[in-house]
Amino acid sequence: MKVLVADAINEKGIENLKQAGEVVVDTDITPDELAETIHEYDAIVVRSRTKLTKDIIDKADNLKIIARAGVGVDNIDLDAATEKGIMVVNSPESTSITVAEHTMGLLLALARKLSIADKSVKDGKWEKKKFMGVELRNKTLGVIGMGRIGSQVVNRCKAFEMDAIVYDPYLPEEVANQMGVTLTDLETVLKNADFITIHVPLTPETKHLISDDEFEIMKDTAFIANCARGGIIDEDALYTALLENKIGGAALDVYEEEPPAEDCKLFELDNIILTPHIAASTKEAQRDAAIIVADEIIELAKGGTPQNVLNMPRIDTNTYKKLTPYVELCEKLGSFIAQAISGKIKELEVVYAGELAEIDNIEILTRTILQGVINPFLGSPANAVNAPLIAKERGISIIEGRKNDAKGYGSLIKVTARTNEETFSAVGTTLHDPKILKVNDYWVDVKPEGHMFIAKYEDIPGSIGKIGTKLGEHGVNIGIMQVGREEKDGKAIMILTLDKEIPQDVIKEIQELENVYDAVGLEL
């Protein structure tokens, strides 16, 4: 694996990256130089300086992973990366403590007017009465966004004996109760909080989430801090609110334009604290970010799946361990189905039974099945990142279901594909290795690998012999044979593992045999 480190990261991360392969460090690389050379790399590590635009990503023909040593990915075109099948990872846990501590620093500085008091003393003044502050104790903290950082801020504010009310539409009530916070709506948070802190991403929904109407709701003594993303607070509205004393004060570490313009109106005010986007800037956080993204790239180089993939569903470590044994099975099931069925697949139904049915987040398995379905017909391989997008573009609808009964197995996965010509299904499980246990309604015991062949025929004497004879005539040796049937003298299916690929002209001859109504070769 060849890795480009395009922005400065901690040396420990660079050292660890050497486990993945060749590492090139070029922290001064220009956009034009990057566009010219990006095709040479399998992985790239960036912070905020390097911009990975669609034009650059489109040229990244060998790139498998983009690693952001930090949290925000505003400098990466996620849609372009997803279309290209490139994983995008970040290191969210690396900065949680650091940003939470910076937030606490800003809240304390607002409460005690530390920044203007510092400036006053340095100007030779002694204005004790001017800097009367307030305690955090017994005050209400309002948190907008209860992710890693928001929850860490709450933990620290509890040490100051503050109460916490939070707004987070994705936080379950029971989780909020466990955290000891009151879950409510945004208006209630704004109306009742003495200190408000923001910890949500910048999206179309959160752009100017806090503007004129929101400042009107807030207490005239309230303080607000933003260490998340610039643009969540409408800075024009903030300026007006501070100028007219509609709120007590504000603190910003992030801005709509970075750095702010020299004539930024917020610079005129003394009831706002401004820091230069440094909430994540500690030695510990930068070290941890570099180590985390290096570990993600190393994991991919080893054939594993990184944990912090932004354009794939997140999986906790325990769930990941439970699902890992089924990943290969899912890819094989998808590929088996796609090659065996006649016609263009319109619908894919996946049913998880047994232990898998009890796991909430199994989307990675469905994505992997899709990957297997799509890849046999693509010039450029799909992966779990872009398989759902490619399936949608090709008009394949996905149905996912669960059932308790696994027929005595720990877990079963049934994949059913439908075309305008037929319906075809396969049921599989993992018993040390992937196994296909049922094809359509026929019980079999097949290891899906290598050169394979499927024949559907009438279950009458001589049918199997004729197929075997035809293969023998052309020097195609059978390794393993599995047959299944619905009932005697009915329809049957033969699944063979062969020593070499079966030529198309041989398949055609078998299709023309009496009592054979379909035959197909597969490569797994």
# chains A, B, ... in the order shown; residues from 1 in each chain; ligands from 1
call {"tool": "select_by_dssp", "arguments": {"residues": "region 63-289 of chain A", "states": "alpha helix (DSSP H)", "output": "ChimeraX atom specification"}}
result
/A:78-84,96-112,114-122,148-159,173-179,186-192,212-217,235-243,283-289
call {"tool": "residues_around", "arguments": {"residues": "region 246-263 of chain A", "least_positions_apart": "4", "cutoff": "6 Å", "atoms": "only C-alpha atoms", "output": "NGL selection string"}}
result
:A and (220-227 or 229-231 or 241 or 271-277)
call {"tool": "write_last_selection", "arguments": {"atoms": "C-alpha atoms", "output": "PDB file, in the first residue's frame"}}
result
ATOM      1  CA  ASP A 220     -30.893  38.285  28.338  1.00  0.00           C
ATOM      2  CA  THR A 221     -28.275  36.904  30.753  1.00  0.00           C
ATOM      3  CA  ALA A 222     -27.569  33.736  28.721  1.00  0.00           C
ATOM      4  CA  PHE A 223     -24.132  32.864  27.346  1.00  0.00           C
ATOM      5  CA  ILE A 224     -23.618  30.809  24.187  1.00  0.00           C
ATOM      6  CA  ALA A 225     -20.471  29.034  22.961  1.00  0.00           C
ATOM      7  CA  ASN A 226     -19.765  27.348  19.624  1.00  0.00           C
ATOM      8  CA  CYS A 227     -16.817  24.997  19.192  1.00  0.00           C
ATOM      9  CA  ARG A 229     -18.708  24.476  13.058  1.00  0.00           C
ATOM     10  CA  GLY A 230     -18.915  28.021  11.771  1.00  0.00           C
ATOM     11  CA  GLY A 231     -22.273  28.862  10.232  1.00  0.00           C
ATOM     12  CA  ALA A 241     -27.946  40.290  19.901  1.00  0.00           C
ATOM     13  CA  ASN A 271     -18.932  40.710  25.411  1.00  0.00           C
ATOM     14  CA  ILE A 272     -17.612  38.031  23.065  1.00  0.00           C
ATOM     15  CA  ILE A 273     -14.564  35.772  23.317  1.00  0.00           C
ATOM     16  CA  LEU A 274     -12.930  34.692  20.061  1.00  0.00           C
ATOM     17  CA  THR A 275     -10.346  31.923  19.633  1.00  0.00           C
ATOM     18  CA  PRO A 276      -8.773  30.861  16.294  1.00  0.00           C
ATOM     19  CA  HIS A 277     -10.316  27.398  15.772  1.00  0.00           C
TER      20      HIS A 277
END
call {"tool": "residues_around", "arguments": {"residues": "Ser425 (chain A)", "least_positions_apart": "2", "cutoff": "8 Å", "atoms": "only C-alpha atoms", "output": "CSV table (one decimal) with C-alpha atoms, in the first residue's frame"}}
result
chain,number,residue,atom,x,y,z
A,337,ILE,CA,-27.2,-15.3,-7.0
A,414,LYS,CA,-31.4,-16.0,2.7
A,415,VAL,CA,-31.0,-13.9,-0.4
A,416,THR,CA,-33.8,-13.9,-3.0
A,417,ALA,CA,-33.4,-12.1,-6.3
A,423,THR,CA,-37.0,-15.8,-8.9
A,427,VAL,CA,-29.6,-19.7,1.9
A,439,VAL,CA,-30.8,-23.2,-3.5
A,440,ASN,CA,-34.4,-22.3,-4.3
call {"tool": "residues_around", "arguments": {"residues": "Glu11 (chain A)", "least_positions_apart": "3", "cutoff": "10 Å", "atoms": "only C-alpha atoms", "output": "PyMOL selection string"}}
result
chain A and resi 8+14-17+286-287+290-291
call {"tool": "write_last_selection", "arguments": {"atoms": "C-alpha atoms", "output": "PDB file, in the first residue's frame"}}
result
ATOM      1  CA  ALA A   8       1.322  17.712   8.931  1.00  0.00           C
ATOM      2  CA  ILE A  14       3.722   8.526  10.356  1.00  0.00           C
ATOM      3  CA  GLU A  15       5.842   5.872  12.030  1.00  0.00           C
ATOM      4  CA  ASN A  16       2.832   3.580  12.496  1.00  0.00           C
ATOM      5  CA  LEU A  17       1.742   4.061   8.879  1.00  0.00           C
ATOM      6  CA  GLN A 286      -3.081  15.660  17.507  1.00  0.00           C
ATOM      7  CA  ARG A 287      -1.078  12.612  18.557  1.00  0.00           C
ATOM      8  CA  ALA A 290      -2.594  10.630  13.844  1.00  0.00           C
ATOM      9  CA  ILE A 291      -2.477   7.238  15.562  1.00  0.00           C
TER      10      ILE A 291
END
call {"tool": "residues_around", "arguments": {"residues": "Thr305 (chain A)", "least_positions_apart": "5", "cutoff": "9 Å", "atoms": "only C-alpha atoms", "output": "ChimeraX atom specification"}}
result
/A:296,299-300,320
call {"tool": "closest_residue", "arguments": {"among": "A:Ala117, A:Glu449, A:Glu268, A:Glu244", "to": "Lys130 (chain A)", "atoms": "only C-alpha atoms"}}
result
A:Ala117
call {"tool": "residues_around", "arguments": {"residues": "region 465-477 of chain A", "least_positions_apart": "6", "cutoff": "12 Å", "atoms": "only C-alpha atoms", "output": "PyMOL selection string"}}
result
chain A and resi 451-459+493-519
call {"tool": "write_last_selection", "arguments": {"atoms": "N, CA and C atoms", "output": "compact mmCIF listing (two decimals), in the first residue's frame"}}
result
# COMPACT_ATOMS: atom_id res chain seq x y z
N HIS A 451 -14.38 -22.53 -9.49
CA HIS A 451 -15.16 -22.73 -10.72
C HIS A 451 -16.38 -23.58 -10.38
N MET A 452 -17.55 -23.06 -10.66
CA MET A 452 -18.78 -23.78 -10.32
C MET A 452 -19.71 -23.84 -11.53
N PHE A 453 -20.66 -24.76 -11.42
CA PHE A 453 -21.61 -24.97 -12.51
C PHE A 453 -22.95 -25.38 -11.91
N ILE A 454 -24.03 -24.81 -12.43
CA ILE A 454 -25.37 -25.15 -11.98
C ILE A 454 -26.19 -25.63 -13.18
N ALA A 455 -26.85 -26.74 -13.02
CA ALA A 455 -27.78 -27.24 -14.05
C ALA A 455 -29.13 -27.51 -13.42
N LYS A 456 -30.18 -27.09 -14.09
CA LYS A 456 -31.55 -27.36 -13.64
C LYS A 456 -32.16 -28.33 -14.65
N TYR A 457 -32.74 -29.41 -14.15
CA TYR A 457 -33.15 -30.48 -15.05
C TYR A 457 -34.33 -31.25 -14.47
N GLU A 458 -34.91 -32.11 -15.29
CA GLU A 458 -35.99 -33.00 -14.86
C GLU A 458 -35.38 -34.21 -14.17
N ASP A 459 -35.90 -34.53 -12.99
CA ASP A 459 -35.35 -35.64 -12.19
C ASP A 459 -35.85 -36.99 -12.71
N ILE A 493 -31.92 -29.86 -9.18
CA ILE A 493 -30.81 -28.95 -9.43
C ILE A 493 -29.50 -29.66 -9.12
N MET A 494 -28.50 -29.41 -9.94
CA MET A 494 -27.17 -29.96 -9.76
C MET A 494 -26.19 -28.81 -9.61
N ILE A 495 -25.37 -28.85 -8.56
CA ILE A 495 -24.35 -27.82 -8.35
C ILE A 495 -23.01 -28.53 -8.29
N LEU A 496 -22.11 -28.13 -9.18
CA LEU A 496 -20.81 -28.78 -9.29
C LEU A 496 -19.69 -27.79 -9.00
N THR A 497 -18.65 -28.30 -8.35
CA THR A 497 -17.39 -27.57 -8.25
C THR A 497 -16.43 -28.24 -9.22
N LEU A 498 -15.86 -27.44 -10.13
CA LEU A 498 -15.05 -27.99 -11.21
C LEU A 498 -13.57 -27.64 -11.03
N ASP A 499 -12.72 -28.42 -11.70
CA ASP A 499 -11.28 -28.16 -11.60
C ASP A 499 -10.83 -27.00 -12.47
N LYS A 500 -11.65 -26.64 -13.44
CA LYS A 500 -11.30 -25.51 -14.29
C LYS A 500 -12.58 -24.84 -14.78
N GLU A 501 -12.44 -23.66 -15.33
CA GLU A 501 -13.60 -22.92 -15.84
C GLU A 501 -14.25 -23.68 -16.98
N ILE A 502 -15.56 -23.72 -16.96
CA ILE A 502 -16.29 -24.43 -18.00
C ILE A 502 -16.51 -23.50 -19.19
N PRO A 503 -16.10 -23.90 -20.41
CA PRO A 503 -16.27 -23.03 -21.58
C PRO A 503 -17.75 -22.80 -21.91
N GLN A 504 -18.03 -21.66 -22.50
CA GLN A 504 -19.41 -21.31 -22.83
C GLN A 504 -20.03 -22.27 -23.84
N ASP A 505 -19.21 -22.78 -24.78
CA ASP A 505 -19.79 -23.69 -25.77
C ASP A 505 -20.21 -25.02 -25.13
N VAL A 506 -19.52 -25.42 -24.06
CA VAL A 506 -19.91 -26.63 -23.35
C VAL A 506 -21.22 -26.39 -22.60
N ILE A 507 -21.34 -25.23 -21.99
CA ILE A 507 -22.59 -24.88 -21.29
C ILE A 507 -23.75 -24.91 -22.28
N LYS A 508 -23.51 -24.38 -23.48
CA LYS A 508 -24.58 -24.35 -24.48
C LYS A 508 -25.00 -25.77 -24.87
N GLU A 509 -24.04 -26.67 -25.01
CA GLU A 509 -24.37 -28.05 -25.36
C GLU A 509 -25.20 -28.71 -24.26
N ILE A 510 -24.87 -28.42 -23.01
CA ILE A 510 -25.62 -29.00 -21.89
C ILE A 510 -27.03 -28.43 -21.85
N GLN A 511 -27.16 -27.15 -22.15
CA GLN A 511 -28.49 -26.52 -22.18
C GLN A 511 -29.39 -27.19 -23.22
N GLU A 512 -28.77 -27.71 -24.27
CA GLU A 512 -29.54 -28.31 -25.35
C GLU A 512 -29.87 -29.78 -25.11
N LEU A 513 -29.35 -30.34 -24.00
CA LEU A 513 -29.65 -31.73 -23.69
C LEU A 513 -31.14 -31.90 -23.34
N GLU A 514 -31.66 -33.07 -23.67
CA GLU A 514 -33.04 -33.37 -23.33
C GLU A 514 -33.20 -33.38 -21.81
N ASN A 515 -34.27 -32.79 -21.33
CA ASN A 515 -34.63 -32.73 -19.90
C ASN A 515 -33.84 -31.68 -19.10
N VAL A 516 -32.91 -30.97 -19.73
CA VAL A 516 -32.20 -29.87 -19.06
C VAL A 516 -32.85 -28.56 -19.49
N TYR A 517 -33.29 -27.76 -18.54
CA TYR A 517 -33.94 -26.52 -18.92
C TYR A 517 -33.14 -25.27 -18.57
N ASP A 518 -31.97 -25.44 -17.93
CA ASP A 518 -31.08 -24.28 -17.73
C ASP A 518 -29.73 -24.79 -17.25
N ALA A 519 -28.68 -24.07 -17.60
CA ALA A 519 -27.33 -24.39 -17.14
C ALA A 519 -26.50 -23.11 -17.19
call {"tool": "select_by_dssp", "arguments": {"residues": "region 195-439 of chain A", "states": "strand (DSSP E or B)", "output": "ChimeraX atom specification"}}
result
/A:195-198,210,223-226,233,249-252,272-274,309,347-354,397-403,411-418,423-431,433-439
call {"tool": "write_last_selection", "arguments": {"atoms": "C-alpha atoms", "output": "PDB file, in the first residue's frame"}}
result
ATOM      1  CA  PHE A 195     -25.238  28.570  29.303  1.00  0.00           C
ATOM      2  CA  ILE A 196     -25.680  27.083  25.830  1.00  0.00           C
ATOM      3  CA  THR A 197     -23.075  25.045  23.978  1.00  0.00           C
ATOM      4  CA  ILE A 198     -23.301  23.699  20.420  1.00  0.00           C
ATOM      5  CA  ILE A 210     -29.233  29.989  15.892  1.00  0.00           C
ATOM      6  CA  PHE A 223     -24.132  32.864  27.346  1.00  0.00           C
ATOM      7  CA  ILE A 224     -23.618  30.809  24.187  1.00  0.00           C
ATOM      8  CA  ALA A 225     -20.471  29.034  22.961  1.00  0.00           C
ATOM      9  CA  ASN A 226     -19.765  27.348  19.624  1.00  0.00           C
ATOM     10  CA  ILE A 233     -24.716  30.558  14.497  1.00  0.00           C
ATOM     11  CA  GLY A 249     -22.257  37.063  25.977  1.00  0.00           C
ATOM     12  CA  ALA A 250     -20.850  34.610  23.455  1.00  0.00           C
ATOM     13  CA  ALA A 251     -17.707  32.657  22.660  1.00  0.00           C
ATOM     14  CA  LEU A 252     -16.683  31.383  19.239  1.00  0.00           C
ATOM     15  CA  ILE A 272     -17.612  38.031  23.065  1.00  0.00           C
ATOM     16  CA  ILE A 273     -14.564  35.772  23.317  1.00  0.00           C
ATOM     17  CA  LEU A 274     -12.930  34.692  20.061  1.00  0.00           C
ATOM     18  CA  VAL A 309     -15.965   5.132   7.968  1.00  0.00           C
ATOM     19  CA  GLU A 347     -35.461  -6.695  -6.548  1.00  0.00           C
ATOM     20  CA  LEU A 348     -33.248  -8.193  -3.888  1.00  0.00           C
ATOM     21  CA  GLU A 349     -34.684  -9.508  -0.632  1.00  0.00           C
ATOM     22  CA  VAL A 350     -32.394 -10.340   2.284  1.00  0.00           C
ATOM     23  CA  VAL A 351     -33.688 -12.139   5.374  1.00  0.00           C
ATOM     24  CA  TYR A 352     -31.522 -12.640   8.467  1.00  0.00           C
ATOM     25  CA  ALA A 353     -32.505 -15.471  10.799  1.00  0.00           C
ATOM     26  CA  GLY A 354     -31.317 -16.562  14.229  1.00  0.00           C
ATOM     27  CA  SER A 397     -34.717  -2.263  -4.913  1.00  0.00           C
ATOM     28  CA  ILE A 398     -33.703  -3.739  -1.572  1.00  0.00           C
ATOM     29  CA  ILE A 399     -35.963  -5.459   0.972  1.00  0.00           C
ATOM     30  CA  GLU A 400     -34.526  -6.461   4.339  1.00  0.00           C
ATOM     31  CA  GLY A 401     -36.244  -8.752   6.850  1.00  0.00           C
ATOM     32  CA  ARG A 402     -35.606 -10.750  10.009  1.00  0.00           C
ATOM     33  CA  LYS A 403     -36.976 -13.962  11.515  1.00  0.00           C
ATOM     34  CA  SER A 411     -27.718 -17.839  11.973  1.00  0.00           C
ATOM     35  CA  LEU A 412     -28.953 -18.100   8.401  1.00  0.00           C
ATOM     36  CA  ILE A 413     -28.975 -15.562   5.593  1.00  0.00           C
ATOM     37  CA  LYS A 414     -31.442 -15.972   2.741  1.00  0.00           C
ATOM     38  CA  VAL A 415     -30.994 -13.899  -0.401  1.00  0.00           C
ATOM     39  CA  THR A 416     -33.764 -13.867  -3.007  1.00  0.00           C
ATOM     40  CA  ALA A 417     -33.371 -12.121  -6.339  1.00  0.00           C
ATOM     41  CA  ARG A 418     -36.203 -11.365  -8.742  1.00  0.00           C
ATOM     42  CA  THR A 423     -36.982 -15.766  -8.909  1.00  0.00           C
ATOM     43  CA  PHE A 424     -33.838 -17.351  -7.512  1.00  0.00           C
ATOM     44  CA  SER A 425     -32.781 -17.770  -3.886  1.00  0.00           C
ATOM     45  CA  ALA A 426     -29.921 -19.111  -1.811  1.00  0.00           C
ATOM     46  CA  VAL A 427     -29.624 -19.722   1.921  1.00  0.00           C
ATOM     47  CA  GLY A 428     -26.229 -19.694   3.581  1.00  0.00           C
ATOM     48  CA  THR A 429     -24.459 -19.821   6.909  1.00  0.00           C
ATOM     49  CA  THR A 430     -20.920 -19.861   8.254  1.00  0.00           C
ATOM     50  CA  LEU A 431     -19.521 -23.106   9.649  1.00  0.00           C
ATOM     51  CA  ASP A 433     -16.228 -21.418   6.114  1.00  0.00           C
ATOM     52  CA  PRO A 434     -19.147 -20.058   4.070  1.00  0.00           C
ATOM     53  CA  LYS A 435     -21.720 -22.697   3.175  1.00  0.00           C
ATOM     54  CA  ILE A 436     -24.762 -22.608   0.904  1.00  0.00           C
ATOM     55  CA  LEU A 437     -27.431 -24.863   2.415  1.00  0.00           C
ATOM     56  CA  LYS A 438     -30.362 -24.290   0.126  1.00  0.00           C
ATOM     57  CA  VAL A 439     -30.837 -23.153  -3.474  1.00  0.00           C
TER      58      VAL A 439
END
call {"tool": "atom_distance", "arguments": {"atom1": "CA of Pro325 (chain A)", "atom2": "CA of Asp360 (chain A)"}}
result
16.7 Å
call {"tool": "closest_residue", "arguments": {"among": "A:Leu243, A:Val5, A:Val166, A:Ala237", "to": "Glu214 (chain A)", "atoms": "only C-alpha atoms"}}
result
A:Ala237
call {"tool": "atom_distance", "arguments": {"atom1": "CA of Ile165 (chain A)", "atom2": "CA of Arg148 (chain A)"}}
result
16.0 Å
call {"tool": "atom_distance", "arguments": {"atom1": "CA of Gly150 (chain A)", "atom2": "CA of Leu183 (chain A)"}}
result
12.9 Å
call {"tool": "decode", "arguments": {"residues": "region 238-273 of chain A", "atoms": "N, CA and C atoms", "output": "tab-separated table (two decimals), in the first residue's frame"}}
result
chain	number	residue	atom	x	y	z
A	238	LEU	N	-25.95	37.29	15.66
A	238	LEU	CA	-25.20	37.29	16.92
A	238	LEU	C	-24.69	38.69	17.25
A	239	TYR	N	-24.17	39.37	16.26
A	239	TYR	CA	-23.65	40.73	16.47
A	239	TYR	C	-24.77	41.63	17.01
A	240	THR	N	-25.94	41.54	16.40
A	240	THR	CA	-27.06	42.37	16.84
A	240	THR	C	-27.47	42.02	18.27
A	241	ALA	N	-27.54	40.74	18.57
A	241	ALA	CA	-27.95	40.29	19.90
A	241	ALA	C	-26.96	40.76	20.96
A	242	LEU	N	-25.67	40.72	20.65
A	242	LEU	CA	-24.66	41.17	21.61
A	242	LEU	C	-24.65	42.69	21.74
A	243	LEU	N	-24.79	43.37	20.61
A	243	LEU	CA	-24.77	44.84	20.62
A	243	LEU	C	-25.93	45.40	21.41
A	244	GLU	N	-27.08	44.75	21.28
A	244	GLU	CA	-28.30	45.24	21.96
A	244	GLU	C	-28.53	44.54	23.30
A	245	ASN	N	-27.53	43.80	23.78
A	245	ASN	CA	-27.59	43.11	25.08
A	245	ASN	C	-28.82	42.19	25.21
A	246	LYS	N	-29.17	41.54	24.10
A	246	LYS	CA	-30.26	40.56	24.14
A	246	LYS	C	-29.81	39.27	24.83
A	247	ILE	N	-28.48	39.03	24.86
A	247	ILE	CA	-27.90	37.91	25.60
A	247	ILE	C	-26.71	38.43	26.39
A	248	GLY	N	-26.24	37.61	27.35
A	248	GLY	CA	-25.15	38.07	28.19
A	248	GLY	C	-23.80	38.07	27.54
A	249	GLY	N	-23.56	37.14	26.63
A	249	GLY	CA	-22.26	37.06	25.98
A	249	GLY	C	-22.15	35.84	25.11
A	250	ALA	N	-21.06	35.74	24.36
A	250	ALA	CA	-20.85	34.61	23.45
A	250	ALA	C	-19.37	34.30	23.35
A	251	ALA	N	-19.09	33.08	22.91
A	251	ALA	CA	-17.71	32.66	22.66
A	251	ALA	C	-17.70	31.80	21.40
A	252	LEU	N	-16.79	32.12	20.49
A	252	LEU	CA	-16.68	31.38	19.24
A	252	LEU	C	-15.27	30.86	19.05
A	253	ASP	N	-15.17	29.61	18.63
A	253	ASP	CA	-13.89	29.07	18.18
A	253	ASP	C	-13.92	28.80	16.68
A	254	VAL	N	-15.13	28.87	16.09
A	254	VAL	CA	-15.33	28.58	14.67
A	254	VAL	C	-16.16	29.70	14.05
A	255	TYR	N	-15.98	29.91	12.73
A	255	TYR	CA	-16.56	31.09	12.09
A	255	TYR	C	-17.09	30.73	10.70
A	256	GLU	N	-18.01	31.56	10.24
A	256	GLU	CA	-18.55	31.35	8.89
A	256	GLU	C	-17.47	31.53	7.83
A	257	GLU	N	-16.54	32.43	8.07
A	257	GLU	CA	-15.39	32.62	7.20
A	257	GLU	C	-14.15	32.51	8.07
A	258	GLU	N	-13.23	31.62	7.67
A	258	GLU	CA	-12.02	31.44	8.47
A	258	GLU	C	-10.78	31.68	7.63
A	259	PRO	N	-9.87	32.57	8.11
A	259	PRO	CA	-10.07	33.43	9.28
A	259	PRO	C	-11.09	34.52	8.98
A	260	PRO	N	-11.68	35.12	10.02
A	260	PRO	CA	-12.66	36.19	9.79
A	260	PRO	C	-12.01	37.37	9.07
A	261	ALA	N	-12.83	38.12	8.36
A	261	ALA	CA	-12.32	39.31	7.67
A	261	ALA	C	-11.78	40.33	8.68
A	262	GLU	N	-10.83	41.13	8.24
A	262	GLU	CA	-10.21	42.10	9.14
A	262	GLU	C	-11.23	43.09	9.71
A	263	ASP	N	-12.30	43.36	8.96
A	263	ASP	CA	-13.32	44.30	9.42
A	263	ASP	C	-14.53	43.59	10.04
A	264	CYS	N	-14.33	42.34	10.51
A	264	CYS	CA	-15.42	41.59	11.14
A	264	CYS	C	-16.02	42.40	12.29
A	265	LYS	N	-17.32	42.59	12.29
A	265	LYS	CA	-17.99	43.43	13.27
A	265	LYS	C	-17.88	42.88	14.70
A	266	LEU	N	-17.70	41.56	14.82
A	266	LEU	CA	-17.62	40.97	16.15
A	266	LEU	C	-16.39	41.46	16.91
A	267	PHE	N	-15.36	41.91	16.17
A	267	PHE	CA	-14.14	42.40	16.81
A	267	PHE	C	-14.39	43.66	17.64
A	268	GLU	N	-15.47	44.35	17.35
A	268	GLU	CA	-15.76	45.62	18.03
A	268	GLU	C	-16.29	45.40	19.45
A	269	LEU	N	-16.76	44.20	19.75
A	269	LEU	CA	-17.51	43.96	20.98
A	269	LEU	C	-16.61	43.42	22.09
A	270	ASP	N	-16.96	43.75	23.34
A	270	ASP	CA	-16.20	43.21	24.46
A	270	ASP	C	-16.98	42.16	25.24
A	271	ASN	N	-18.18	41.78	24.75
A	271	ASN	CA	-18.93	40.71	25.41
A	271	ASN	C	-18.91	39.42	24.58
A	272	ILE	N	-17.82	39.26	23.83
A	272	ILE	CA	-17.61	38.03	23.07
A	272	ILE	C	-16.15	37.63	23.17
A	273	ILE	N	-15.91	36.33	23.29
A	273	ILE	CA	-14.56	35.77	23.32
A	273	ILE	C	-14.34	35.03	22.01
